[in-house]
file work_19.pdb (PDB, C-alpha atoms)
ATOM      1  CA  ASN Q  18      10.855 -16.943  -3.963
ATOM      2  CA  ALA Q  19       7.431 -16.681  -2.333
ATOM      3  CA  GLY Q  20       7.801 -13.255  -0.670
ATOM      4  CA  VAL Q  21       4.579 -12.508   1.192
ATOM      5  CA  THR Q  22       1.919 -15.211   1.085
ATOM      6  CA  GLN Q  23      -1.641 -14.726   2.279
ATOM      7  CA  THR Q  24      -4.147 -17.465   2.979
ATOM      8  CA  PRO Q  25      -6.931 -17.891   2.179
ATOM      9  CA  LYS Q  26      -7.399 -15.906  -1.038
ATOM     10  CA  PHE Q  27     -11.179 -15.801  -0.739
ATOM     11  CA  ARG Q  28     -13.664 -16.404   2.028
ATOM     12  CA  VAL Q  29     -17.362 -15.865   2.629
ATOM     13  CA  LEU Q  30     -18.542 -15.624   6.211
ATOM     14  CA  LYS Q  31     -21.829 -15.127   7.933
ATOM     15  CA  THR Q  32     -22.296 -12.290  10.381
ATOM     16  CA  GLY Q  33     -21.020 -13.289  13.794
ATOM     17  CA  GLN Q  34     -18.609 -15.962  12.594
ATOM     18  CA  SER Q  35     -14.942 -15.775  13.406
ATOM     19  CA  MET Q  36     -11.897 -16.455  11.281
ATOM     20  CA  THR Q  37      -8.163 -15.915  11.047
ATOM     21  CA  LEU Q  38      -6.231 -14.615   8.071
ATOM     22  CA  LEU Q  39      -2.662 -15.806   7.798
ATOM     23  CA  CYS Q  40       0.268 -13.854   6.436
ATOM     24  CA  ALA Q  41       3.644 -15.507   5.990
ATOM     25  CA  GLN Q  42       6.852 -13.915   4.725
ATOM     26  CA  ASP Q  43      10.113 -15.655   3.921
ATOM     27  CA  MET Q  44      12.327 -12.562   3.751
ATOM     28  CA  ASN Q  45      13.210 -12.403   7.428
ATOM     29  CA  HIS Q  46      11.514  -9.020   7.717
ATOM     30  CA  GLU Q  47      10.995  -7.437  11.110
ATOM     31  CA  TYR Q  48       8.076  -5.200  10.238
ATOM     32  CA  MET Q  49       4.701  -6.547   9.212
ATOM     33  CA  TYR Q  50       1.425  -4.777   8.494
ATOM     34  CA  TRP Q  51      -2.228  -5.525   7.854
ATOM     35  CA  TYR Q  52      -4.241  -3.180   5.602
ATOM     36  CA  ARG Q  53      -7.728  -3.181   4.239
ATOM     37  CA  GLN Q  54      -8.791  -1.735   0.925
ATOM     38  CA  ASP Q  55     -12.357  -0.702   0.223
ATOM     39  CA  PRO Q  56     -13.784   0.545  -3.100
ATOM     40  CA  GLY Q  57     -12.634   4.079  -3.868
ATOM     41  CA  MET Q  58     -10.379   4.121  -0.832
ATOM     42  CA  GLY Q  59      -6.682   3.843  -0.352
ATOM     43  CA  LEU Q  60      -5.158   1.215   1.863
ATOM     44  CA  ARG Q  61      -5.883   1.772   5.527
ATOM     45  CA  LEU Q  62      -3.687   0.336   8.253
ATOM     46  CA  ILE Q  63      -5.410  -2.030  10.688
ATOM     47  CA  HIS Q  64      -2.567  -3.318  12.879
ATOM     48  CA  TYR Q  65       1.176  -3.655  12.593
ATOM     49  CA  SER Q  66       4.099  -5.374  14.242
ATOM     50  CA  VAL Q  67       7.684  -4.210  14.670
ATOM     51  CA  GLY Q  68       8.988  -7.605  15.669
ATOM     52  CA  GLU Q  69       8.170 -11.015  17.010
ATOM     53  CA  GLY Q  70       5.858 -10.809  19.977
ATOM     54  CA  THR Q  71       4.935  -7.160  19.424
ATOM     55  CA  THR Q  72       1.787  -5.710  17.876
ATOM     56  CA  ALA Q  73       0.152  -2.296  17.788
ATOM     57  CA  LYS Q  74      -3.005  -0.627  16.530
ATOM     58  CA  GLY Q  75      -3.192   1.236  13.277
ATOM     59  CA  GLU Q  76      -5.815   3.544  11.844
ATOM     60  CA  VAL Q  77      -8.832   1.176  11.829
ATOM     61  CA  PRO Q  78      -8.209  -1.526  14.481
ATOM     62  CA  ASP Q  79     -11.725  -2.007  15.871
ATOM     63  CA  GLY Q  80     -13.128  -5.506  15.418
ATOM     64  CA  TYR Q  81      -9.721  -7.050  14.682
ATOM     65  CA  ASN Q  82      -7.006  -8.701  16.691
ATOM     66  CA  VAL Q  83      -3.524  -9.762  15.654
ATOM     67  CA  SER Q  84      -0.721 -11.972  16.830
ATOM     68  CA  ARG Q  85       2.937 -12.344  15.881
ATOM     69  CA  LEU Q  86       4.134 -15.451  17.659
ATOM     70  CA  LYS Q  87       6.743 -16.191  15.004
ATOM     71  CA  LYS Q  88       8.774 -13.640  13.089
ATOM     72  CA  GLN Q  89       7.614 -14.932   9.724
ATOM     73  CA  ASN Q  90       3.893 -15.027  10.507
ATOM     74  CA  PHE Q  91       1.375 -12.289  11.221
ATOM     75  CA  LEU Q  92      -2.195 -13.371  11.918
ATOM     76  CA  LEU Q  93      -5.288 -11.184  11.642
ATOM     77  CA  GLY Q  94      -8.368 -12.340  13.511
ATOM     78  CA  LEU Q  95     -11.995 -11.349  13.259
ATOM     79  CA  GLU Q  96     -13.743 -12.361  16.456
ATOM     80  CA  SER Q  97     -17.312 -11.652  15.344
ATOM     81  CA  ALA Q  98     -17.524 -10.738  11.673
ATOM     82  CA  ALA Q  99     -19.715  -7.841  10.585
ATOM     83  CA  PRO Q 100     -20.807  -6.814   7.069
ATOM     84  CA  SER Q 101     -18.724  -3.624   7.456
ATOM     85  CA  GLN Q 102     -15.647  -5.838   7.454
ATOM     86  CA  THR Q 103     -16.293  -6.951   3.891
ATOM     87  CA  SER Q 104     -13.096  -5.845   2.188
ATOM     88  CA  VAL Q 105      -9.863  -6.900   0.574
ATOM     89  CA  TYR Q 106      -7.145  -7.434   3.155
ATOM     90  CA  PHE Q 107      -3.480  -6.983   2.345
ATOM     91  CA  CYS Q 108      -0.494  -7.994   4.388
ATOM     92  CA  ALA Q 109       2.861  -6.312   3.914
ATOM     93  CA  SER Q 110       6.349  -6.606   5.336
ATOM     94  CA  SER Q 111       9.606  -4.686   5.282
ATOM     95  CA  TRP Q 112      13.055  -5.278   6.749
ATOM     96  CA  ALA Q 113      13.454  -1.682   7.909
ATOM     97  CA  ILE Q 114      11.148   1.258   8.385
ATOM     98  CA  ASN Q 115      12.897   3.253   5.680
ATOM     99  CA  GLN Q 116      12.501   0.476   3.119
ATOM    100  CA  PRO Q 117       9.515  -0.164   0.846
ATOM    101  CA  GLN Q 118       6.874  -2.542   2.054
ATOM    102  CA  HIS Q 119       6.284  -5.733   0.092
ATOM    103  CA  PHE Q 120       2.684  -6.833  -0.262
ATOM    104  CA  GLY Q 121       0.885 -10.132  -0.561
ATOM    105  CA  ASP Q 122      -1.827 -10.676  -3.153
ATOM    106  CA  GLY Q 123      -4.653 -10.085  -0.717
ATOM    107  CA  THR Q 124      -7.579 -11.929   0.829
ATOM    108  CA  ARG Q 125     -11.026 -11.050  -0.446
ATOM    109  CA  LEU Q 126     -13.456 -11.393   2.437
ATOM    110  CA  SER Q 127     -17.238 -11.132   2.137
ATOM    111  CA  ILE Q 128     -19.474 -11.103   5.167
ATOM    112  CA  LEU Q 129     -23.148 -11.740   4.657
TER     113      LEU Q 129
ATOM    114  CA  ASP B  23      -9.003  13.174   6.902
ATOM    115  CA  GLN B  24      -7.065  12.223   3.803
ATOM    116  CA  GLN B  25      -3.440  13.283   4.224
ATOM    117  CA  VAL B  26      -2.432  11.941   0.840
ATOM    118  CA  LYS B  27      -4.697  12.844  -2.042
ATOM    119  CA  GLN B  28      -4.895  11.602  -5.581
ATOM    120  CA  ASN B  29      -7.565  13.774  -7.102
ATOM    121  CA  SER B  30      -7.769  12.024 -10.460
ATOM    122  CA  PRO B  31      -9.483   8.634 -10.158
ATOM    123  CA  SER B  32      -8.555   7.756 -13.718
ATOM    124  CA  LEU B  33      -6.224   8.678 -16.554
ATOM    125  CA  SER B  34      -6.259   7.488 -20.151
ATOM    126  CA  VAL B  35      -3.164   7.808 -22.313
ATOM    127  CA  GLN B  36      -2.161   6.590 -25.755
ATOM    128  CA  GLU B  37       0.717   4.140 -26.007
ATOM    129  CA  GLY B  38       4.041   5.885 -26.496
ATOM    130  CA  ARG B  39       2.966   9.125 -24.887
ATOM    131  CA  ILE B  40       3.739  10.423 -21.408
ATOM    132  CA  SER B  41       1.572   9.518 -18.418
ATOM    133  CA  ILE B  42       1.586  11.971 -15.534
ATOM    134  CA  LEU B  43       0.036  10.900 -12.273
ATOM    135  CA  ASN B  44      -0.349  13.470  -9.529
ATOM    136  CA  CYS B  45      -0.404  13.332  -5.756
ATOM    137  CA  ASP B  46      -0.831  16.025  -3.103
ATOM    138  CA  TYR B  47      -0.193  15.796   0.605
ATOM    139  CA  THR B  48      -1.081  17.914   3.597
ATOM    140  CA  ASN B  49       1.260  16.726   6.339
ATOM    141  CA  SER B  50       4.519  18.708   6.396
ATOM    142  CA  MET B  51       6.123  15.917   8.424
ATOM    143  CA  PHE B  52       6.127  13.574   5.421
ATOM    144  CA  ASP B  53       9.681  13.037   4.228
ATOM    145  CA  TYR B  54       9.567   9.861   2.158
ATOM    146  CA  PHE B  55       7.237   9.150  -0.709
ATOM    147  CA  LEU B  56       6.528   6.011  -2.693
ATOM    148  CA  TRP B  57       4.561   4.950  -5.707
ATOM    149  CA  TYR B  58       2.990   1.527  -5.932
ATOM    150  CA  LYS B  59       1.402  -0.151  -8.926
ATOM    151  CA  LYS B  60      -1.451  -2.597  -8.558
ATOM    152  CA  TYR B  61      -2.912  -5.030 -11.055
ATOM    153  CA  PRO B  62      -6.320  -6.627 -10.458
ATOM    154  CA  ALA B  63      -6.284  -9.564  -8.041
ATOM    155  CA  GLU B  64      -2.684  -8.818  -7.056
ATOM    156  CA  GLY B  65      -1.073  -6.922  -4.240
ATOM    157  CA  PRO B  66       0.527  -3.501  -4.709
ATOM    158  CA  THR B  67       4.051  -3.630  -6.108
ATOM    159  CA  PHE B  68       6.642  -1.044  -5.191
ATOM    160  CA  LEU B  69       7.598   1.096  -8.169
ATOM    161  CA  ILE B  70       9.754   4.037  -7.146
ATOM    162  CA  SER B  71      10.395   6.280  -4.161
ATOM    163  CA  ILE B  72      11.843   9.669  -3.342
ATOM    164  CA  SER B  73      13.219  11.233  -0.213
ATOM    165  CA  SER B  74      12.414  14.818   0.685
ATOM    166  CA  ILE B  75      16.081  15.753   0.294
ATOM    167  CA  LYS B  76      15.689  15.219  -3.456
ATOM    168  CA  ASP B  77      13.370  16.750  -6.009
ATOM    169  CA  LYS B  78      13.685  14.062  -8.656
ATOM    170  CA  ASN B  79      14.334  10.350  -8.880
ATOM    171  CA  GLU B  80      14.530   8.266 -12.038
ATOM    172  CA  ASP B  81      14.314   4.572 -12.696
ATOM    173  CA  GLY B  82      14.114   3.647 -16.344
ATOM    174  CA  ARG B  83      10.852   4.899 -17.792
ATOM    175  CA  PHE B  84       9.641   6.121 -14.416
ATOM    176  CA  THR B  85      10.491   9.465 -12.856
ATOM    177  CA  VAL B  86       9.088  10.940  -9.685
ATOM    178  CA  PHE B  87       9.198  14.676  -9.056
ATOM    179  CA  LEU B  88       8.744  16.253  -5.652
ATOM    180  CA  ASN B  89       7.755  19.875  -5.066
ATOM    181  CA  LYS B  90       7.974  20.357  -1.320
ATOM    182  CA  SER B  91       6.776  23.942  -1.274
ATOM    183  CA  ALA B  92       3.595  22.912  -3.087
ATOM    184  CA  LYS B  93       3.343  19.597  -1.212
ATOM    185  CA  HIS B  94       2.974  17.890  -4.540
ATOM    186  CA  LEU B  95       4.564  14.960  -6.272
ATOM    187  CA  SER B  96       4.076  13.445  -9.660
ATOM    188  CA  LEU B  97       4.982  10.230 -11.420
ATOM    189  CA  HIS B  98       5.954  10.430 -15.058
ATOM    190  CA  ILE B  99       5.951   7.344 -17.258
ATOM    191  CA  VAL B 100       7.695   7.769 -20.607
ATOM    192  CA  PRO B 101       6.923   6.163 -22.957
ATOM    193  CA  SER B 102       3.694   4.632 -21.694
ATOM    194  CA  GLN B 103       3.009   1.009 -22.564
ATOM    195  CA  PRO B 104      -0.201  -1.054 -22.422
ATOM    196  CA  GLY B 105       1.355  -3.140 -19.626
ATOM    197  CA  ASP B 106       1.456  -0.001 -17.504
ATOM    198  CA  SER B 107      -2.333  -0.104 -17.250
ATOM    199  CA  ALA B 108      -2.954  -0.516 -13.525
ATOM    200  CA  VAL B 109      -3.981   1.393 -10.419
ATOM    201  CA  TYR B 110      -1.204   3.611  -9.074
ATOM    202  CA  PHE B 111      -1.078   4.485  -5.394
ATOM    203  CA  CYS B 112       0.898   7.315  -3.901
ATOM    204  CA  ALA B 113       2.080   6.775  -0.320
ATOM    205  CA  ALA B 114       3.963   8.825   2.249
ATOM    206  CA  ARG B 115       5.823   8.282   5.506
ATOM    207  CA  ALA B 116       6.329  10.803   8.264
ATOM    208  CA  ARG B 117       9.731  11.982   9.440
ATOM    209  CA  GLY B 118      10.806  10.283  12.620
ATOM    210  CA  SER B 119       8.338   7.449  12.245
ATOM    211  CA  THR B 120       9.488   4.514  14.335
ATOM    212  CA  LEU B 121       6.909   2.264  12.808
ATOM    213  CA  GLY B 122       7.261   2.790   9.083
ATOM    214  CA  ARG B 123       3.583   3.539   8.777
ATOM    215  CA  LEU B 124       2.548   4.562   5.251
ATOM    216  CA  TYR B 125      -0.355   6.833   4.363
ATOM    217  CA  PHE B 126      -1.927   5.965   1.032
ATOM    218  CA  GLY B 127      -3.897   7.937  -1.505
ATOM    219  CA  ARG B 128      -7.017   6.460  -3.071
ATOM    220  CA  GLY B 129      -5.284   5.533  -6.300
ATOM    221  CA  THR B 130      -5.446   6.503  -9.963
ATOM    222  CA  GLN B 131      -6.493   3.992 -12.610
ATOM    223  CA  LEU B 132      -4.162   4.385 -15.586
ATOM    224  CA  THR B 133      -5.287   2.992 -18.922
ATOM    225  CA  VAL B 134      -2.792   2.951 -21.785
ATOM    226  CA  TRP B 135      -4.450   2.282 -25.119
ATOM    227  CA  PRO B 136      -2.710   1.197 -28.345
TER     228      PRO B 136
END

call {"tool": "encode", "arguments": {"input": "work_19.pdb", "output": "structure tokens"}}
result
Amino acid sequence: NAGVTQTPKFRVLKTGQSMTLLCAQDMNHEYMYWYRQDPGMGLRLIHYSVGEGTTAKGEVPDGYNVSRLKKQNFLLGLESAAPSQTSVYFCASSWAINQPQHFGDGTRLSIL
Amino acid sequence: DQQVKQNSPSLSVQEGRISILNCDYTNSMFDYFLWYKKYPAEGPTFLISISSIKDKNEDGRFTVFLNKSAKHLSLHIVPSQPGDSAVYFCAARARGSTLGRLYFGRGTQLTVWP
């Protein structure tokens, strides 16, 4: 039982490069979320999706884009990476809004 | 503007004793609260939750207490074990949320020593 799987686990980018983080869940969950966690901070919501084909902005969406073309996948894109986007990124999913979110193990991203 | 606050960055407790982790919130619309545990290099794992219609919820060694008038909740771990050493996040969801958005505190590092 994989649950929520994030790829890659680590990545180093140069400023201005682009990349996509992949989140896949095998629990048939409708709701999916992308968070970032910075030192001394709680998790902050970047974008979320309430179903296939739908996405919306969270608390810190600037510099990121997302897509949910398939129910099981939620992609987070960085169009032009900046050092301020150095962080650990977590994806989460839940089958209903009143149910706990299940998290992946995170992607550690460093931007030089 | 931190709506969920965990004012103690760290807590150190001896094995076998009680660990009490605290969380305060400012938004009176919050009606569902969760605690997550996080080990290094892993994602947060759901631990226990409580709805605002209750003031206590138990699950084995873990109990969460909610004081709505004080906008305060606490997680009690009894007895504490070395494997409980982790970062604990408090999270809250607002009443009527159609999105399930959670607001997280900054976490408390719990260390349980033998």

call {"tool": "resolve_selection", "arguments": {"input": "work_19.pdb", "expression": "the ChimeraX specification (/B :<6) & /Q", "output": "PDB file with C-alpha atoms, in the frame of the given file"}}
result
ATOM      1  CA  MET Q  58     -10.379   4.121  -0.832  1.00  0.00           C
ATOM      2  CA  GLY Q  59      -6.682   3.843  -0.352  1.00  0.00           C
ATOM      3  CA  LEU Q  60      -5.158   1.215   1.863  1.00  0.00           C
ATOM      4  CA  ILE Q 114      11.148   1.258   8.385  1.00  0.00           C
ATOM      5  CA  PHE Q 120       2.684  -6.833  -0.262  1.00  0.00           C
ATOM      6  CA  GLY Q 121       0.885 -10.132  -0.561  1.00  0.00           C
ATOM      7  CA  ASP Q 122      -1.827 -10.676  -3.153  1.00  0.00           C
ATOM      8  CA  GLY Q 123      -4.653 -10.085  -0.717  1.00  0.00           C
TER       9      GLY Q 123
END

call {"tool": "atom_distance", "arguments": {"input": "work_19.pdb", "atom1": "atom CA of Thr85 of chain B", "atom2": "atom CA of Leu97 of chain B"}}
result
5.7 Å

call {"tool": "resolve_selection", "arguments": {"input": "work_19.pdb", "expression": "the PyMOL selection byres ((chain B and resi 35) around 12)", "output": "list of chain:residue names"}}
result
B:Ser32, B:Leu33, B:Ser34, B:Gln36, B:Glu37, B:Gly38, B:Arg39, B:Ile40, B:Ser41, B:Ile42, B:Leu43, B:His98, B:Ile99, B:Val100, B:Pro101, B:Ser102, B:Gln103, B:Pro104, B:Asp106, B:Ser107, B:Gln131, B:Leu132, B:Thr133, B:Val134, B:Trp135, B:Pro136

call {"tool": "atom_distance", "arguments": {"input": "work_19.pdb", "atom1": "atom CA of Glu69 of chain Q", "atom2": "atom CA of Gln34 of chain Q"}}
result
27.6 Å

call {"tool": "residues_near_point", "arguments": {"input": "work_19.pdb", "point": "(3.7, 16.1, 8.3)", "cutoff": "9 Å", "atoms": "all atoms listed in the file", "output": "PDB file with C-alpha atoms, keeping the file's coordinate frame"}}
result
ATOM      1  CA  GLN B  25      -3.440  13.283   4.224  1.00  0.00           C
ATOM      2  CA  TYR B  47      -0.193  15.796   0.605  1.00  0.00           C
ATOM      3  CA  THR B  48      -1.081  17.914   3.597  1.00  0.00           C
ATOM      4  CA  ASN B  49       1.260  16.726   6.339  1.00  0.00           C
ATOM      5  CA  SER B  50       4.519  18.708   6.396  1.00  0.00           C
ATOM      6  CA  MET B  51       6.123  15.917   8.424  1.00  0.00           C
ATOM      7  CA  PHE B  52       6.127  13.574   5.421  1.00  0.00           C
ATOM      8  CA  ASP B  53       9.681  13.037   4.228  1.00  0.00           C
ATOM      9  CA  ARG B 115       5.823   8.282   5.506  1.00  0.00           C
ATOM     10  CA  ALA B 116       6.329  10.803   8.264  1.00  0.00           C
ATOM     11  CA  ARG B 117       9.731  11.982   9.440  1.00  0.00           C
TER      12      ARG B 117
END

call {"tool": "resolve_selection", "arguments": {"input": "work_19.pdb", "expression": "the PyMOL selection byres ((chain Q and resi 31) around 12)", "output": "ChimeraX atom specification"}}
result
/Q:28-30,32-36,95,97-103,126-129

call {"tool": "write_last_selection", "arguments": {"input": "work_19.pdb", "atoms": "C-alpha atoms", "output": "CSV table (one decimal), keeping the file's coordinate frame"}}
result
chain,number,residue,atom,x,y,z
Q,28,ARG,CA,-13.7,-16.4,2.0
Q,29,VAL,CA,-17.4,-15.9,2.6
Q,30,LEU,CA,-18.5,-15.6,6.2
Q,32,THR,CA,-22.3,-12.3,10.4
Q,33,GLY,CA,-21.0,-13.3,13.8
Q,34,GLN,CA,-18.6,-16.0,12.6
Q,35,SER,CA,-14.9,-15.8,13.4
Q,36,MET,CA,-11.9,-16.5,11.3
Q,95,LEU,CA,-12.0,-11.3,13.3
Q,97,SER,CA,-17.3,-11.7,15.3
Q,98,ALA,CA,-17.5,-10.7,11.7
Q,99,ALA,CA,-19.7,-7.8,10.6
Q,100,PRO,CA,-20.8,-6.8,7.1
Q,101,SER,CA,-18.7,-3.6,7.5
Q,102,GLN,CA,-15.6,-5.8,7.5
Q,103,THR,CA,-16.3,-7.0,3.9
Q,126,LEU,CA,-13.5,-11.4,2.4
Q,127,SER,CA,-17.2,-11.1,2.1
Q,128,ILE,CA,-19.5,-11.1,5.2
Q,129,LEU,CA,-23.1,-11.7,4.7

call {"tool": "closest_residue", "arguments": {"input": "work_19.pdb", "among": "Q:Tyr50, Q:Thr24, Q:Val83, Q:Ala41", "to": "Cys108 of chain Q", "atoms": "only C-alpha atoms"}}
result
Q:Tyr50

call {"tool": "atom_distance", "arguments": {"input": "work_19.pdb", "atom1": "atom CA of Asn115 of chain Q", "atom2": "atom CA of Arg53 of chain Q"}}
result
21.7 Å

call {"tool": "axis_aligned_box", "arguments": {"input": "work_19.pdb", "around": "segment 56-59 of chain B", "padding_each_side": "3 Å", "output": "AutoDock Vina command-line options"}}
result
--center_x 4.0 --center_y 2.9 --center_z -5.8 --size_x 11.1 --size_y 12.2 --size_z 12.2

call {"tool": "residues_around", "arguments": {"input": "work_19.pdb", "residues": "Arg85 of chain Q", "least_positions_apart": "3", "cutoff": "10 Å", "atoms": "all atoms listed in the file", "output": "ChimeraX atom specification"}}
result
/Q:40,49,65-72,88-93

call {"tool": "residues_near_point", "arguments": {"input": "work_19.pdb", "point": "(1.3, 17.9, -6.2)", "cutoff": "8 Å", "atoms": "only C-alpha atoms", "output": "list in words"}}
result
Asn44, Cys45, Asp46, Tyr47, Leu88, Asn89, Ala92, Lys93, His94, Leu95 and Ser96 of chain B
